[in-house]
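Participant: Take this structure, written in structure tokens, and hold onto it; I'll ask about it next.
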Amino acid sequence: MTAPTAPGRGTPAPSVAPETLLDGTSRTSDVAVMKWLIRARHADLAHPGVRRWVVPLFCAGLGIPAVQDSAKGIGAAVPTVLVLIVAFCVPLLWRQQRPVLVFALTSAVSAVALTLDADTGAESARIVALLNVGRSVRPAQLTVCLAIAVAQTTVAVVVRGAEQPNEQFLQTPVLAIVQSALVAAVAAAGLVGRVVNAYIRALHDRAVRLEVERDQRARLAAAAERARVAREMHDILGHTLAVIVGLAGGAAGLTETKPKRGAETLRIIADSGRGALAELRRLLAVLGEERDTEDGSPLAPQPGLADLTPLLERVRGAGPTVTLHTQGALTGLAPGLQLAVYRVVQESLTNTLKHAASDTTVHVTLATDDTSAHATVEDTGPPNIPHSPDPQDEGRGLVGMRERAALYGGSVTAGPNTHGGWTVEAHFRITTTPPPPHTAPTEKRPS
């Protein structure tokens with residue numbers, strides 16, 4: 001959704017539900033009124049010429065009885081009345097563009113009609129002009145126009161009251177006060193309408209802004225999810241490709257000397273590839289790219305510590321000797337914590353396959369107690385033939401491991417050991433409170 005823009009003349013504002021403007025209020029009557037006002041406002045903006053012409057024609061229609069009376073010889077002549085009606089109503093066509101000028105013209109026409117003692121019946125045009133002044137101009141200008149309108153109304157009441165008998169003339173002050181109050185109420189109505197419109201526009205802008213912020217939060221959440229999926233893909237592809245490369249190297253030599261062992265190694269390569277593809281499909285499904293596997297079966301759950309055995313078997317197939325030592329009730333850990341430990345072990349073994357020789361020995365130790373869990377992956381080396389890794393991949397695995405440990409208030413350390421190899425130690429807290437911000441230390445060797 002795009003940010004709101006000020007609608008131009010004749011262009012409806014962006015549509016927002018009345019329930020949103022009223023913050024989900026349960027007052028159905030208010031919502032119904034708001035819906036009606038919004039529909040009327042949209043219709044007015046979509047067809048601006050209707051209101052522009054209807055109001056002057058309505059005021060002119062109020063002068064029809066005066067024209068009929070004039071035709072019967074009552075009051076001023078018919079041409080005079082018609083000219084005054086036209087002079088009252090035509091300026092209203094420009095009441096929105098020039099509100100003060102239109103009010104001045106209608107006031108002048110009213111003064112001329114009072115001088116000629118002509119009752120046109122269209123003097124409501126002056127009230128419309130005053131109402132539009134209240135909706136458009138600054139308070140200082142509105143005060144001046146209101147003073148003129150009240151003075152003109154009072155003079156008209158007094159002049160016409162002087163022609164009445166004495167008993168009715170005594171009622172002139174009361175009539176002047178009442179009519180002046182009505183004129184002031186019209187100006188106040190215009191001012192209140194302007195304030196109400198400004199308030200509704202503010203509510204509308206706020207609702208649109210809230211929708212924009214909601215969409216932005218959704219996009220940020222999606223970006224965070226994509227970053228998580230990218231880390232998952234790095235773990236999956238990095239480990240699987242390292243295993244496949246190691247197995248393929250061994251299978252090349254075994255195919256000639258030990259065909260059966262070579263065939264088994266190739267099957268392990270195929271199984272590793274299929275497993276990686278299955279995990280990639282599941283991760284893509286998180287982003288909405290896929291919902292099921294190709295064969296229609298349900299998506300597999302995230303791996304846990306129970307899946308370490310197949311992981312270690314794949315690594316052993318690539319050459320290294322891997323041992324696993326456990327202590328404590330590891331299967332009782334939360335699924336998210338098990339996934340974090342699994343990924344740390346997986347990434348550590350991937351680094352061993354990348355940087356250590358194929359005849360290395362790897363010791364994986366997992367331990368847990370009531371408050372924490374620990375994972376240690378230690379290889380004995382020796383280091384592999386030096387190579388030039390991709391600079392963009394430099395250190396990404398260690399960063400991912402630290403982020404996973406930080407989710408559970410833990411940390412990851414990595415460095416050379418006394419056996420000539422590399423050791424990765426990860427610590428996780430078993431707690432329900434969020435972890436504090438952490439700063440990852442620098443490492444001597446990248447992933």
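Chain labels A, B, ... are given in the sequence in which chains occur in the structure tokens; within each chain residues are numbered consecutively from 1, and ligands are likewise numbered from 1 in the order shown.
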Need to verify the contact set: A:Pro91, 8 Å, only C-alpha atoms, exclusion of same-chain residues closer than 3 positions in sequence. Can you return it as a PyMOL selection string?

Facilitator: chain A and resi 87-88+94-95+102+105-106

Participant: Would you mind exporting the chosen residues as a short mmCIF file (atom, residue, chain, number, x, y, z; two decimals), in the first residue's frame, restricted to C-alpha atoms?

Facilitator:
```cif
data_model
loop_
_atom_site.label_atom_id
_atom_site.label_comp_id
_atom_site.auth_asym_id
_atom_site.auth_seq_id
_atom_site.Cartn_x
_atom_site.Cartn_y
_atom_site.Cartn_z
CA ALA A 87 -27.21 38.99 -9.11
CA PHE A 88 -27.72 36.98 -5.94
CA TRP A 94 -17.42 30.92 -7.62
CA ARG A 95 -18.06 30.67 -3.89
CA VAL A 102 -18.79 36.30 -3.32
CA LEU A 105 -21.19 40.79 -3.87
CA THR A 106 -24.22 39.13 -2.26
#
```

Participant: If you count only C-alpha atoms, which residues fall within 9 Å of A:Asp117, apart from same-chain ones fewer than 6 positions away, as a PyMOL selection string?

Facilitator: chain A and resi 75-76+160

Participant: Based on DSSP run over this structure's backbone, return all residues of stretch 19-71 of chain A in helix (DSSP H, G or I), as a PyMOL selection string.

Facilitator: chain A and resi 19-21+28-46+48-62+64-71

Participant: In terms of the shortest atom-to-atom distance over only C-alpha atoms, which of A:Val178, A:Val144, A:Ile74, A:Val137 is closest to A:Val157?

Facilitator: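 The closest residue to A:Val157 is A:Val178.
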
Participant: How many Å lie between atom CA of A:Pro303 and atom CA of A:Arg274, rounded to one decimal?

Facilitator: 15.0 Å

Participant: I want to know what sits within 9 Å of A:Pro335, based on only C-alpha atoms, with residues of the same chain fewer than 6 positions away left out; could you give that as an NGL selection string?

Facilitator: :A and (302-305)

Participant: Selection from above, C-alpha atoms, as a PDB file, in the first residue's frame, can you write it?

Facilitator:
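Okay, part_38.pdb is ready:
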```
ATOM      1  CA  GLN A 302      12.667 -29.218  11.674  1.00  0.00           C
ATOM      2  CA  PRO A 303      15.577 -31.493  12.655  1.00  0.00           C
ATOM      3  CA  GLY A 304      16.349 -32.141  16.307  1.00  0.00           C
ATOM      4  CA  LEU A 305      18.951 -33.975  18.349  1.00  0.00           C
TER       5      LEU A 305
END
```
